[in-house]
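Participant: This is the content of structure12.cif (mmCIF, C-alpha atoms and all ligand atoms):
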data_my_file
#
loop_
_atom_site.label_atom_id
_atom_site.label_comp_id
_atom_site.auth_asym_id
_atom_site.auth_seq_id
_atom_site.Cartn_x
_atom_site.Cartn_y
_atom_site.Cartn_z
CA MET A 80 110.90 107.93 89.49
CA ILE A 81 112.01 104.90 91.44
CA LEU A 82 113.69 101.72 90.26
CA HIS A 83 113.56 98.39 92.02
CA ALA A 84 116.46 96.26 90.84
CA ASP A 85 116.92 92.60 91.74
CA LEU A 86 119.32 90.01 90.33
CA ASP A 87 117.57 86.89 88.99
CA ALA A 88 117.95 83.71 91.08
CA PHE A 89 121.20 85.26 92.27
CA TYR A 90 123.09 82.42 94.01
CA ALA A 91 121.89 79.84 91.48
CA ALA A 92 122.80 82.12 88.58
CA VAL A 93 126.35 82.55 89.92
CA ALA A 94 126.73 78.76 90.12
CA GLN A 95 125.45 78.32 86.56
CA ARG A 96 127.61 81.15 85.29
CA ASP A 97 130.78 79.57 86.65
CA ASP A 98 130.10 75.94 85.79
CA PRO A 99 128.60 75.17 82.36
CA ARG A 100 127.57 71.70 83.55
CA LEU A 101 125.06 73.34 85.91
CA ARG A 102 123.29 75.29 83.18
CA GLY A 103 119.80 74.24 82.14
CA ILE A 104 119.29 71.84 85.04
CA PRO A 105 117.22 72.08 88.24
CA LEU A 106 119.54 73.09 91.06
CA VAL A 107 119.42 74.71 94.45
CA VAL A 108 122.05 76.52 96.44
CA SER A 109 121.87 75.17 99.96
CA GLY A 110 123.83 73.84 102.88
CA ARG A 111 124.05 70.07 103.28
CA SER A 112 123.01 69.57 106.91
CA ARG A 113 119.80 67.81 107.93
CA ARG A 114 118.13 71.09 108.65
CA ALA A 115 119.41 72.97 105.58
CA VAL A 116 117.00 75.18 103.67
CA VAL A 117 117.07 76.22 100.04
CA LEU A 118 118.78 79.60 99.68
CA THR A 119 117.99 79.98 95.98
CA ALA A 120 116.37 77.68 93.42
CA SER A 121 117.30 77.90 89.75
CA TYR A 122 114.47 78.67 87.33
CA GLU A 123 114.70 75.08 86.10
CA ALA A 124 113.89 73.85 89.63
CA ARG A 125 110.86 76.08 90.16
CA PRO A 126 108.38 74.16 87.98
CA PHE A 127 108.87 71.26 90.43
CA GLY A 128 107.57 73.46 93.22
CA VAL A 129 111.03 74.06 94.66
CA ARG A 130 111.28 77.45 96.35
CA SER A 131 113.74 79.38 98.46
CA ALA A 132 113.34 78.99 102.24
CA MET A 133 111.99 75.45 101.71
CA PRO A 134 113.68 72.68 103.73
CA LEU A 135 116.18 70.88 101.49
CA PHE A 136 114.65 67.44 102.16
CA MET A 137 111.30 68.70 100.89
CA ALA A 138 112.93 70.16 97.77
CA LEU A 139 114.55 66.77 97.11
CA GLU A 140 111.19 65.04 97.55
CA ARG A 141 109.64 67.29 94.95
CA CYS A 142 112.55 67.02 92.54
CA PRO A 143 114.71 63.89 93.13
CA GLN A 144 117.16 64.79 90.32
CA LEU A 145 117.88 68.14 91.98
CA THR A 146 121.54 69.19 92.05
CA VAL A 147 122.61 70.77 95.34
CA VAL A 148 125.37 73.38 95.22
CA PRO A 149 126.98 74.88 98.34
CA PRO A 150 126.90 78.67 98.67
CA ASP A 151 129.96 80.77 97.87
CA PHE A 152 129.52 84.08 99.65
CA GLU A 153 132.81 85.51 98.50
CA LYS A 154 131.58 85.34 94.90
CA TYR A 155 128.23 86.85 95.90
CA ARG A 156 129.90 89.77 97.66
CA GLU A 157 132.10 90.42 94.65
CA ALA A 158 129.14 90.47 92.25
CA SER A 159 127.16 92.59 94.70
CA ARG A 160 129.93 95.19 94.91
CA ALA A 161 129.99 95.50 91.13
CA VAL A 162 126.19 95.86 90.92
CA PHE A 163 126.01 98.51 93.63
CA ALA A 164 128.82 100.51 92.04
CA ILE A 165 126.75 100.62 88.85
CA LEU A 166 123.55 101.59 90.69
CA ARG A 167 125.31 104.36 92.63
CA ASP A 168 126.68 105.76 89.38
CA GLU A 169 123.20 106.05 87.94
CA ALA A 170 120.95 106.99 90.87
CA ARG A 171 120.69 109.88 93.28
CA VAL A 172 119.95 107.60 96.26
CA VAL A 173 120.42 103.84 96.50
CA GLU A 174 118.75 101.86 99.27
CA ARG A 175 120.29 98.44 99.69
CA LEU A 176 117.80 95.74 100.66
CA SER A 177 120.13 92.77 100.38
CA LEU A 178 123.22 91.65 98.46
CA ASP A 179 121.26 91.63 95.21
CA GLU A 180 118.30 93.93 95.65
CA ALA A 181 117.91 97.70 95.89
CA PHE A 182 115.66 100.67 95.42
CA CYS A 183 117.07 103.59 93.44
CA ASP A 184 115.68 107.10 93.55
CA LEU A 185 116.20 108.85 90.21
CA GLY A 186 114.66 112.11 91.41
CA GLU A 187 112.35 114.14 89.21
CA CYS A 188 112.63 112.76 85.71
CA ASP A 189 110.32 111.55 82.99
CA VAL A 190 109.53 107.94 82.20
CA ASP A 191 111.77 107.81 79.14
CA ALA A 192 114.78 109.01 81.10
CA ALA A 193 114.08 106.42 83.81
CA VAL A 194 113.77 103.65 81.24
CA GLY A 195 117.07 104.81 79.73
CA VAL A 196 118.74 104.44 83.12
CA ALA A 197 117.17 101.02 83.64
CA LYS A 198 118.43 99.78 80.26
CA ARG A 199 121.94 101.05 80.97
CA VAL A 200 121.94 99.37 84.39
CA LYS A 201 120.85 96.05 82.90
CA GLN A 202 123.55 96.24 80.22
CA SER A 203 126.30 97.31 82.62
CA VAL A 204 125.39 94.62 85.17
CA LEU A 205 125.46 91.98 82.45
CA SER A 206 128.86 93.05 81.14
CA ALA A 207 130.37 93.49 84.61
CA THR A 208 129.06 90.29 86.21
CA ARG A 209 127.56 88.13 83.43
CA LEU A 210 124.37 88.04 85.51
CA THR A 211 120.89 89.26 84.59
CA ILE A 212 119.05 91.78 86.71
CA SER A 213 115.35 92.57 86.60
CA ILE A 214 114.13 96.12 87.04
CA GLY A 215 110.75 97.68 87.82
CA VAL A 216 110.24 101.37 87.08
CA ALA A 217 107.45 103.29 88.83
CA THR A 218 106.65 106.30 90.96
CA SER A 219 106.69 104.42 94.26
CA LYS A 220 108.52 101.62 96.03
CA THR A 221 105.55 99.26 96.20
CA VAL A 222 104.72 99.49 92.51
CA ALA A 223 108.37 99.34 91.39
CA LYS A 224 108.89 96.19 93.46
CA ILE A 225 105.78 94.47 92.09
CA ALA A 226 106.70 95.48 88.52
CA CYS A 227 110.21 94.07 89.00
CA ASP A 228 108.81 90.72 90.18
CA ASP A 229 106.41 90.66 87.22
CA GLY A 230 109.24 90.94 84.73
CA LYS A 231 111.46 88.19 86.11
CA PRO A 232 113.75 86.87 84.81
CA ASP A 233 115.75 89.50 82.91
CA GLY A 234 112.76 91.86 82.95
CA LEU A 235 112.20 95.57 82.55
CA VAL A 236 108.65 96.55 83.47
CA VAL A 237 107.57 100.18 83.46
CA VAL A 238 104.43 101.50 85.18
CA PRO A 239 103.89 105.08 83.94
CA PRO A 240 102.58 107.73 86.37
CA GLN A 241 98.78 107.71 86.82
CA THR A 242 98.49 104.09 85.73
CA GLU A 243 99.54 102.57 89.07
CA ALA A 244 96.07 101.70 90.37
CA ALA A 245 95.07 100.10 87.07
CA TYR A 246 98.32 98.14 86.98
CA LEU A 247 97.69 96.71 90.44
CA ALA A 248 93.93 96.21 90.21
CA ASP A 249 93.75 92.59 88.98
CA LYS A 250 96.60 91.25 91.10
CA PRO A 251 95.94 89.15 94.22
CA VAL A 252 96.05 91.11 97.49
CA SER A 253 98.91 88.91 98.70
CA ARG A 254 101.23 90.77 96.31
CA LEU A 255 100.91 93.93 98.43
CA TRP A 256 103.60 94.87 100.88
CA GLY A 257 102.55 93.75 104.35
CA VAL A 258 99.85 91.29 103.33
CA GLY A 259 101.09 87.97 104.68
CA PRO A 260 99.23 84.66 104.84
CA LYS A 261 97.13 85.68 107.87
CA THR A 262 95.94 88.95 106.41
CA ASP A 263 95.42 87.28 103.06
CA ALA A 264 93.16 84.66 104.66
CA ARG A 265 91.19 87.34 106.51
CA LEU A 266 90.73 89.33 103.30
CA ARG A 267 89.60 86.30 101.33
CA ALA A 268 87.12 85.43 104.07
CA ALA A 269 85.75 88.94 103.59
CA GLY A 270 85.47 88.37 99.84
CA ILE A 271 88.42 90.59 98.92
CA GLU A 272 90.76 88.84 96.51
CA THR A 273 92.23 91.52 94.29
CA ILE A 274 94.13 94.70 95.01
CA GLY A 275 91.48 96.57 93.04
CA GLN A 276 88.77 95.43 95.44
CA LEU A 277 90.85 96.61 98.37
CA ALA A 278 91.37 99.98 96.69
CA LEU A 279 87.60 100.55 96.65
CA LEU A 280 86.84 99.79 100.31
CA GLU A 281 85.22 102.47 102.45
CA ASP A 282 86.78 103.62 105.74
CA GLU A 283 84.53 101.59 108.00
CA ARG A 284 85.32 98.23 106.42
CA LEU A 285 89.00 99.12 106.20
CA PHE A 286 89.08 99.75 109.92
CA ALA A 287 87.27 96.50 110.65
CA LEU A 288 89.80 94.58 108.54
CA PHE A 289 93.07 96.31 109.34
CA GLY A 290 92.50 98.58 112.31
CA ARG A 291 94.66 101.65 112.09
CA TRP A 292 96.53 100.33 109.04
CA GLY A 293 93.38 100.45 106.93
CA ARG A 294 93.92 103.68 105.06
CA GLU A 295 97.57 102.93 104.58
CA MET A 296 96.67 99.59 102.99
CA ARG A 297 94.12 101.24 100.75
CA ASP A 298 96.68 103.83 99.68
CA LEU A 299 99.13 101.07 98.78
CA ALA A 300 96.35 99.31 96.85
CA ARG A 301 95.85 102.51 94.89
CA GLY A 302 99.56 102.67 94.12
CA VAL A 303 100.13 105.50 96.60
CA ASP A 304 103.22 104.86 98.71
CA ARG A 305 104.98 107.83 100.29
CA ARG A 306 107.97 105.98 101.63
CA ARG A 307 111.19 107.44 100.36
CA VAL A 308 114.22 105.64 99.08
CA SER A 309 116.73 105.98 101.89
CA ASP A 310 120.44 105.28 101.85
CA ASP A 311 120.83 105.83 105.57
CA GLU A 312 121.98 102.43 106.72
CA SER A 313 123.91 103.84 109.66
CA VAL A 314 120.94 104.35 111.96
CA ARG A 315 118.27 101.70 111.87
CA SER A 316 117.91 101.71 115.63
CA ILE A 317 119.50 103.28 118.69
CA SER A 318 119.79 101.45 121.96
CA SER A 319 121.00 101.98 125.48
CA GLU A 320 121.95 99.10 127.75
CA GLU A 321 123.07 98.61 131.27
CA THR A 322 124.64 95.55 132.87
CA PHE A 323 124.12 95.53 136.61
CA GLU A 324 126.97 94.88 138.97
CA HIS A 325 124.67 92.59 140.96
CA ASP A 326 121.58 90.93 139.58
CA VAL A 327 118.49 93.05 140.14
CA THR A 328 115.17 91.56 141.20
CA ASP A 329 112.93 94.50 142.06
CA MET A 330 110.70 95.99 139.40
CA SER A 331 111.12 99.55 140.62
CA SER A 332 114.87 99.52 139.90
CA LEU A 333 114.24 98.07 136.46
CA ALA A 334 111.56 100.66 135.77
CA ALA A 335 113.96 103.41 136.84
CA ALA A 336 116.67 102.08 134.52
CA VAL A 337 114.24 102.02 131.62
CA ARG A 338 113.15 105.59 132.38
CA THR A 339 116.74 106.83 132.37
CA GLN A 340 117.50 104.97 129.16
CA SER A 341 114.39 106.40 127.50
CA ALA A 342 115.48 109.92 128.39
CA GLU A 343 118.94 109.22 126.97
CA LEU A 344 117.48 107.81 123.73
CA SER A 345 115.22 110.84 123.39
CA GLU A 346 118.32 113.07 123.62
CA ARG A 347 120.17 111.03 121.04
CA LEU A 348 117.20 111.09 118.65
CA ARG A 349 117.01 114.88 118.94
CA GLY A 350 120.74 115.16 118.41
CA ARG A 351 120.36 113.36 115.09
CA GLY A 352 117.07 114.99 114.10
CA LEU A 353 115.22 111.67 114.12
CA VAL A 354 111.92 110.36 115.45
CA ALA A 355 111.15 106.73 116.31
CA LYS A 356 108.06 104.67 115.68
CA THR A 357 109.09 101.53 117.57
CA VAL A 358 110.20 101.18 121.18
CA GLY A 359 111.54 97.98 122.68
CA VAL A 360 112.96 96.64 125.92
CA LYS A 361 115.33 93.71 126.31
CA VAL A 362 116.28 91.97 129.54
CA LYS A 363 118.93 89.35 130.10
CA LEU A 364 118.30 87.11 133.09
CA ALA A 365 120.82 85.51 135.44
CA ASP A 366 120.63 82.28 133.42
CA PHE A 367 121.57 84.33 130.31
CA SER A 368 118.20 83.83 128.68
CA VAL A 369 116.99 86.97 126.93
CA ARG A 370 113.48 88.34 126.79
CA GLY A 371 112.40 91.20 124.62
CA ARG A 372 109.20 93.05 123.94
CA GLN A 373 108.54 95.89 121.55
CA THR A 374 105.64 98.08 120.60
CA SER A 375 104.73 100.48 117.84
CA LEU A 376 103.68 104.03 118.56
CA ALA A 377 100.67 105.64 116.92
CA GLN A 378 103.04 108.35 115.65
CA PRO A 379 106.83 108.62 115.46
CA THR A 380 108.25 110.70 118.30
CA ASP A 381 111.38 111.88 120.10
CA ASP A 382 109.46 112.77 123.28
CA HIS A 383 111.05 111.10 126.33
CA ARG A 384 107.68 110.82 128.10
CA ILE A 385 106.09 108.84 125.26
CA ILE A 386 109.19 106.70 124.75
CA GLY A 387 109.41 106.16 128.51
CA ALA A 388 105.75 105.12 128.77
CA ALA A 389 106.08 102.72 125.84
CA ALA A 390 109.26 101.24 127.34
CA ALA A 391 107.55 100.81 130.73
CA PHE A 392 104.73 99.00 128.96
CA CYS A 393 107.23 96.68 127.23
CA LEU A 394 108.99 96.01 130.53
CA GLN A 395 105.70 95.05 132.11
CA ARG A 396 104.87 92.69 129.28
CA ALA A 397 108.29 91.05 129.49
CA SER A 398 107.01 89.78 132.89
CA VAL A 399 110.37 89.48 134.58
CA ASP A 400 108.92 90.20 138.01
CA GLY A 401 110.76 88.06 140.55
CA SER A 402 113.50 87.00 138.11
CA ARG A 403 117.14 87.96 138.58
CA VAL A 404 118.05 90.43 135.87
CA ARG A 405 121.64 90.95 134.73
CA LEU A 406 121.12 93.44 131.97
CA ILE A 407 118.41 95.74 130.75
CA GLY A 408 118.30 97.67 127.51
CA THR A 409 115.90 100.05 125.78
CA LYS A 410 115.81 100.51 122.03
CA VAL A 411 114.14 102.83 119.55
CA ALA A 412 113.73 101.77 115.92
CA ALA A 413 111.84 102.51 112.70
CA LEU A 414 113.60 105.86 112.65
CA THR A 415 112.72 108.68 110.29
CA PRO A 416 113.83 112.29 109.93
CA ALA A 417 111.97 114.50 112.43
CA GLY A 418 110.74 116.92 109.77
CA ALA A 419 109.03 114.12 107.89
CA LYS A 420 106.83 113.03 110.76
CA GLN A 421 103.81 114.90 109.45
CA LEU A 422 104.10 112.98 106.18
CA GLY A 423 103.73 109.56 107.73
CA LEU A 424 101.91 106.87 105.85
CA PHE A 425 98.88 107.27 108.09
CA SER A 426 98.08 110.84 107.30
CA ARG A 427 96.32 111.46 104.05
CA ALA A 428 97.25 114.38 101.87
CA GLY A 429 95.52 117.48 103.19
CA SER A 430 95.07 116.16 106.71
CA PRO A 431 98.60 115.97 108.08
CA GLY A 432 99.17 114.45 111.46
CA THR A 433 95.97 112.48 111.75
CA ILE A 434 96.30 110.46 114.91
CA GLN A 435 95.07 106.93 114.54
CA PRO A 436 93.84 104.78 117.43
CA ALA A 437 96.80 103.09 119.09
CA SER A 438 95.42 99.60 119.20
CA HIS A 439 92.71 97.55 117.62
CA PRO A 440 92.05 93.85 117.22
CA GLY A 441 92.86 94.11 113.53
CA ALA A 442 96.08 95.97 114.15
CA GLU A 443 98.33 92.92 114.26
CA ARG A 444 99.77 92.70 110.81
CA GLU A 445 102.53 90.78 109.25
CA GLY A 446 105.39 92.74 107.76
CA ARG A 447 103.79 96.07 108.48
CA PRO A 448 105.33 98.71 106.22
CA ALA A 449 106.98 101.02 108.70
CA VAL A 450 108.60 103.96 107.03
CA LEU A 451 112.13 102.61 107.05
CA SER A 452 111.39 98.94 107.20
CA ASN A 453 112.77 96.67 104.55
CA ASN A 454 110.72 93.61 105.22
CA LEU A 455 109.46 93.09 101.72
CA THR A 456 107.19 90.20 100.98
CA PRO A 457 109.27 87.51 99.34
CA GLY A 458 109.59 88.09 95.63
CA LYS A 459 110.37 85.59 92.94
CA GLY A 460 114.07 85.88 93.71
MG MG B 501 117.17 88.40 93.59
#
Let me see the file written as structure tokens.
Ligand SMILES: [Mg+2]
Facilitator:
Amino acid sequence: MILHADLDAFYAAVAQRDDPRLRGIPLVVSGRSRRAVVLTASYEARPFGVRSAMPLFMALERCPQLTVVPPDFEKYREASRAVFAILRDEARVVERLSLDEAFCDLGECDVDAAVGVAKRVKQSVLSATRLTISIGVATSKTVAKIACDDGKPDGLVVVPPQTEAAYLADKPVSRLWGVGPKTDARLRAAGIETIGQLALLEDERLFALFGRWGREMRDLARGVDRRRVSDDESVRSISSEETFEHDVTDMSSLAAAVRTQSAELSERLRGRGLVAKTVGVKVKLADFSVRGRQTSLAQPTDDHRIIGAAAAFCLQRASVDGSRVRLIGTKVAALTPAGAKQLGLFSRAGSPGTIQPASHPGAEREGRPAVLSNNLTPGKG
């Protein structure tokens, strides 16, 4: 069982907790500059259409009586520390997504036990911080996250095993991990509005809509999400860089540097028992401008030839030919344990290691759910 835990309107709730005059009124936590954006909106501000990430001037247009409170990160860190201490006491593995949001892996346990943990966490967080936290309980990350958002504020929503697909079926496709505005528009144009409709699509249409992500999307729509809760924050990416003594202008030297770096990264991946799904190249030019390109592999690897070829491709696309290059770096990211590579999201149970086509017009996706990626679609905060 997996919990997704997320404090409610965190920054706004801290402000309201510490100043009774701010309770019950529409407020946002935000900077004060011309270009400031809303960091968090209180629940009282949301009916006015005020949302986080909205420019402050727009929030003030929508709600002229809005109170604007500056952020206080020291308080947020203090509350965050208390919350994570509680989560780590209760869970086997805690994956931190931000100051106020985490996945917790409870291991093999039944629903009642998981709900017991969730209730204790809510109670302990409230007594330790005087803040409310919402929790979703499910068998996978995707479903736990959606359940948590559904319960906000101060929610506890449980999706028992085997009921995942039914739970998701009526929800709009935009609630799924990785479906951003572009994909959402494409799906609607194709007449697919609910997660349930997506769950029923046949392979051919999936491929037309999503390219190689099709089956993965359908699995998510069915509530099947094999990504594990991971507490390994130490290695999100590994990179190797070189600053040249004199600016370099010829492509062959740059290509050679990238090849050497790829070989080194391959060694380091093997040393740590990891495989990488993303390869990137960064160049810094003589004028200190930086260009970077990255690409996703069809399958995670630690093979220096594949990493080297992907890096060479990125270098080519960075189109630095003729420029004076000061620094070049190669990076591998979206790292997973080497043993788990046969259990990637692309392979279906029973057909491990299915290799999907490497590119397809439909393959550009927003917030693609790589195995270790944390780019969740924005929740209700
Ligand atoms: Mg939150």
Participant: Produce a table with one row for each residue of chain A that has an atom at most 7 Å from any atom of ligand MG 501 (chain B), each row naming the nearest atom pair and its distance in Å at one decimal; use only C-alpha atoms and all ligand atoms; arrange rows by chain and rising residue number; format as CSV.
Facilitator:
residue,atom,partner,partner_atom,distance
A:Asp85,CA,B:MG501,MG,4.6
A:Leu86,CA,B:MG501,MG,4.2
A:Asp87,CA,B:MG501,MG,4.9
A:Ala88,CA,B:MG501,MG,5.4
A:Phe89,CA,B:MG501,MG,5.3
A:Asp179,CA,B:MG501,MG,5.5
A:Glu180,CA,B:MG501,MG,6.0
A:Gly460,CA,B:MG501,MG,4.0
Participant: Tell me, as a PyMOL selection string, which residues lie within 8 Å of region 109-126 of chain A, counting all atoms listed in the file; anything in the same chain fewer than 6 positions away does not count.
Facilitator: chain A and resi 88-92+103+132-136+138+142+145+147-150+460
Participant: With distances taken over all atoms listed in the file, which residue among A:Thr357, A:Ser219, A:Ser203, A:Gln144 lies nearest Phe163 (chain A)?
Facilitator: A:Ser203
Participant: To one decimal in Å, tell me the separation between CA of Pro251 (chain A) and CA of Ile225 (chain A).
Facilitator: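 Answer for the CA of Pro251 (chain A) to CA of Ile225 (chain A) separation: 11.4 Å.
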Participant: Can you pull out the residues contacting region 332-344 of chain A? Cut-off 8 Å, using all atoms listed in the file, and skip same-chain residues under 6 positions away; I want them as a PDB file with C-alpha atoms, in the frame of the given file.
Facilitator:
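The file below, out-v8.pdb, is the result:
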ATOM      1  CA  ILE A 317     119.500 103.280 118.690  1.00  0.00           C
ATOM      2  CA  SER A 318     119.790 101.450 121.960  1.00  0.00           C
ATOM      3  CA  SER A 319     121.000 101.980 125.480  1.00  0.00           C
ATOM      4  CA  GLU A 320     121.950  99.100 127.750  1.00  0.00           C
ATOM      5  CA  GLU A 321     123.070  98.610 131.270  1.00  0.00           C
ATOM      6  CA  VAL A 360     112.960  96.640 125.920  1.00  0.00           C
ATOM      7  CA  HIS A 383     111.050 111.100 126.330  1.00  0.00           C
ATOM      8  CA  ARG A 384     107.680 110.820 128.100  1.00  0.00           C
ATOM      9  CA  ILE A 386     109.190 106.700 124.750  1.00  0.00           C
ATOM     10  CA  GLY A 387     109.410 106.160 128.510  1.00  0.00           C
ATOM     11  CA  ALA A 390     109.260 101.240 127.340  1.00  0.00           C
ATOM     12  CA  ALA A 391     107.550 100.810 130.730  1.00  0.00           C
ATOM     13  CA  LEU A 394     108.990  96.010 130.530  1.00  0.00           C
ATOM     14  CA  ILE A 407     118.410  95.740 130.750  1.00  0.00           C
ATOM     15  CA  GLY A 408     118.300  97.670 127.510  1.00  0.00           C
ATOM     16  CA  THR A 409     115.900 100.050 125.780  1.00  0.00           C
ATOM     17  CA  LYS A 410     115.810 100.510 122.030  1.00  0.00           C
ATOM     18  CA  VAL A 411     114.140 102.830 119.550  1.00  0.00           C
TER      19      VAL A 411
END
Participant: Quick one: 4 Å padding each side, axis-aligned, all listed atoms of region 391-403 of chain A - centre and edge lengths in Å to one decimal, as JSON?
Facilitator:
{"center_x": 110.9, "center_y": 93.9, "center_z": 133.9, "size_x": 20.4, "size_y": 21.8, "size_z": 21.3}
Participant: Gly215 (chain A): which residues within 9 Å, counting all atoms listed in the file, same-chain residues fewer than 6 positions away excluded, as a ChimeraX atom specification?
Facilitator: /A:81-85,197,222-230,234-238
